[in-house]
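To keep things clear, I will list the structure first and then write my remarks on it.
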Amino acid sequence: MEATLPIKDLKVHVNNKQILSIALPITLAIIIPQINMLTNSMFLGNLSTEALGNAGITGVFYLIFAVAGNGLNNGLQSVFSRYAGSDDTAAFKTILAQGIRICLQLAVVGILVTWFIAPYILQLVADPKAYPQEMSFLKIRIFGLPFLFLFQVGNAFLVASLNSRYLMIGFLFEASVNILLDYLLIYGHWGLPAMGFNGAALASVIAEIVGFLVIIIVLHKTGLKKQYALLSSLKYDKEITQKIIRISTPLIVQYVISVTTWLVFFIFIEALHDSTAKAISNTMRNVFGLTGVFVWAFAGTCNVMVSNLMGQRREDKVIEAINKIVMWSFALCCCMCAAINIFPGVFFSLFGQGQQFVKEGIPVIRMVTLGLLFMSIANIWLNGVTGTGKTKVNLAIEIIAISVYLIYTWVFMKLHYISLAMAWSNEMVYWTSIFTLSFIFLKSGKWKTGTGE
């Protein structure tokens with residue numbers, strides 16, 4: 001039977017206890033799928049260097065659609081949090097219903113693009129030997145998209161309603177299923193077929209279905225579904241839908257542009273025809289995932305807190321909140337970066353590669369972790385902009401930063417290639433641009449509109 005819970009005060013306060021109460025559960029939730037991704041790469045690395053390298057470009061391609069859902073997720077968090085700050089929790093059921101409708105439409109677009117447009121694009125840029133395997137993987141992998149999006153919508157509600165402690169339940173089940181099925185389907189254990197690279201794709205799809213089902217059970221068993229009358233009606237609401245689209249669309253475009261640019265970077269790496277460089281670069285995605293868990297958690301916390309403060313009409317507290325969150329983000333990211341730089345050989349050994357792989361990878365990991373320190377500050381300020389609701393400014397910042405990033409990448413990948421480590425220094429250039437523009441905008445006070453719209 002569902003528990004009946006009282007409606008609690010959802011107004012946030014600018015103090016360390018509040019920040020950590022939101023961020024730490026998100027951190028735990030984020031680190032679970034990152035461990036999952038790491039395990040996936042370990043399995044593929046032990047399968048072959050080529051499989052590990054191919055997982056890079058396919059992973060980034062899928063990430064384009066995943067971050068589109070993340071853009072919607074962040075937009076929904078802003079809308080939920082704005083209403084939470086103004087004590088209008090009755091709107092939660094309508095916001096959730098419209099979010100579900102939008103995310104399913106977005107997922108259909110992603111599936112159609114992958115099946116009918118992506119083959120023509122990848123065939124032009126991918127290594128001819130790797131293309132069949134990469135395309136086969138993607139055509140399976142993309143069917144997890146609707147369930148991933150629905151999972152993200154549920155998570156947006158949990159974070160904005162200050163119930164982030166429940167996040168890790170869904171992630172834990174999803175990651176456990178994925179790791180088990182990776183082992184069974186990649187290698188063919190317990191009587192199951194040895195599907196190799198495609199086994200990793202199918203494992204991920206099934207895991208995302210499980211994650212979605214678990215989040216539904218969580219909403220039901222915790223009483224949150226009944227408390228806020230969630231899923232009681234999926235009736236179309238024009239006003240809320242337009243608000244979600246207005247805030248989310250610039251974020252979706254921003255994230256898609258950002259990761260598409262990363263895909264371009266991986267295509268440049270693929271053009272080197274160096275399987276070791278591809279494999280090292282794929283492991284860098286795991287570095288970003290594992291080392292960046294605190295950064296993404298505190299970035300999400302910043303979005304929620306700033307949106308909530310805007311709803312409370314406490315705009316004078318926004319910069320103070322951002323500064324407090326930055327200190328936590330930078331300090332914890334430093335700890336993660338220090339650990340991975342002290343023991344880089346241990347990290348690389350997880351992927352079943354030889355000493356040459358480790359030797360070539362260490363300079364790259366030094367550069368990437370330095371970029372992560374830049375990200376730990378810049379990403380918080382960028383999400384501060386998101387929280388104000390000025391997501392068109394987010395998009396403008398992203399376009400400028402990406403332009404700088406692409407020019408830099410073109411110079412050091414095509415015109416004057418020095419090393420893979422030098423190529424990865426583009427992350428520092430990107431995050432420096434993001435921080436500078438976000439800082440200038442927020443310090444200008446132009447976001448203080450009274451209504452926050």
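Labels used: A, B, ... for chains in the order of the structure tokens, numbers from 1 for residues in each chain, and numbers from 1 for ligands as shown.
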
Check your understanding: Residues at most 8 Å from segment 200-212 of chain A, counting only C-alpha atoms, excluding those fewer than 6 positions away in the same chain, as a ChimeraX atom specification?
Key -> /A:40,137-138,140-145,147-148,150-151,170-171,173-175,177-179,181-182,185-186

Could you write out the selected residues, including C-alpha atoms, as a compact mmCIF listing (two decimals), in the first residue's frame?
```txt
# COMPACT_ATOMS: atom_id res chain seq x y z
CA ASN A 40 31.59 -2.12 -20.18
CA PHE A 137 25.76 -1.69 -32.55
CA LEU A 138 23.94 1.63 -32.88
CA ILE A 140 20.40 -2.03 -31.38
CA ARG A 141 21.56 0.53 -28.81
CA ILE A 142 19.15 3.28 -29.88
CA PHE A 143 16.07 1.30 -28.75
CA GLY A 144 16.99 2.05 -25.16
CA LEU A 145 16.40 5.76 -25.78
CA PHE A 147 13.32 4.27 -21.52
CA LEU A 148 16.39 6.41 -20.82
CA LEU A 150 11.49 8.43 -19.20
CA PHE A 151 14.03 7.54 -16.52
CA GLY A 170 17.05 3.14 -10.10
CA PHE A 171 20.68 3.65 -11.09
CA PHE A 173 19.39 -1.69 -10.52
CA GLU A 174 20.20 -0.41 -14.02
CA ALA A 175 23.96 -0.69 -13.54
CA VAL A 177 21.68 -5.53 -14.81
CA ASN A 178 23.98 -3.94 -17.38
CA ILE A 179 27.18 -5.33 -15.85
CA LEU A 181 24.36 -8.84 -19.08
CA ASP A 182 27.64 -7.43 -20.45
CA LEU A 185 26.13 -11.45 -23.75
CA ILE A 186 29.58 -10.22 -24.81
```

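Comparing the minimum interatomic distances between Glu270 of chain A and each of A:Leu124, A:Leu309, A:Ile365, A:Val256, counting only C-alpha atoms, we find that A:Leu124 sits nearest.
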
Check your understanding: Distance atom CA of Asn379 of chain A-atom CA of Lys414 of chain A, one decimal place?
Key ->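 A separation of 28.1 Å between them.
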
Point to revise | DSSP-assigned alpha helix (DSSP H) members of segment 69-283 of chain A, reported as a ChimeraX atom specification | key: /A:69-85,92-116,118-125,131-141,145-160,167-187,197-221,224-227,238-270,275-283

**Study point:** Atom pair atom CA of Leu290 of chain A / atom CA of Trp410 of chain A: separation (Å)
**Key:**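 Separation between atom CA of Leu290 of chain A and atom CA of Trp410 of chain A: 27.4 Å.
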
Point to revise | Long-range neighbours of Lys93 of chain A as an NGL selection string, 7 Å cut-off, only C-alpha atoms, 4 positions minimum in chain | key: :A and (97 or 228-231)

Let me see the file: selected residues, N, CA and C atoms, as an mmCIF file, in the first residue's frame.
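Saved as result-v2.cif:
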```cif
data_model
loop_
_atom_site.group_PDB
_atom_site.id
_atom_site.type_symbol
_atom_site.label_atom_id
_atom_site.label_comp_id
_atom_site.auth_asym_id
_atom_site.auth_seq_id
_atom_site.Cartn_x
_atom_site.Cartn_y
_atom_site.Cartn_z
ATOM 1 N N ALA A 97 3.549 15.119 -16.630
ATOM 2 C CA ALA A 97 2.783 14.575 -17.759
ATOM 3 C C ALA A 97 3.265 15.166 -19.084
ATOM 4 N N TYR A 228 1.698 13.738 -4.789
ATOM 5 C CA TYR A 228 1.622 14.812 -5.782
ATOM 6 C C TYR A 228 0.675 14.477 -6.937
ATOM 7 N N ALA A 229 -0.111 13.397 -6.797
ATOM 8 C CA ALA A 229 -1.083 12.966 -7.819
ATOM 9 C C ALA A 229 -0.406 12.757 -9.167
ATOM 10 N N LEU A 230 0.820 12.202 -9.149
ATOM 11 C CA LEU A 230 1.567 11.995 -10.389
ATOM 12 C C LEU A 230 0.899 10.932 -11.252
ATOM 13 N N LEU A 231 0.978 11.110 -12.560
ATOM 14 C CA LEU A 231 0.448 10.168 -13.558
ATOM 15 C C LEU A 231 -1.067 9.984 -13.438
#
```

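Here the question is which of A:Phe441, A:Tyr430, A:Tyr187, A:Tyr120 gets nearest to Gly371 of chain A using only C-alpha atoms, and that residue is A:Tyr430.
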
Could you give me, as a tab-separated table, a per-residue list for segment 334-404 of chain A showing, wherever an atom lies at most 9 Å from an atom of segment 234-248 of chain A, the closest pair of atoms and their distance in Å to one decimal, using only C-alpha atoms and sorting by chain then residue number from low to high?
```
residue	atom	partner	partner_atom	distance
A:Thr386	CA	A:Ile247	CA	8.6
A:Gly389	CA	A:Ile247	CA	6.4
A:Lys390	CA	A:Ile247	CA	7.6
A:Thr391	CA	A:Ile247	CA	5.9
A:Lys392	CA	A:Ile247	CA	8.0
```
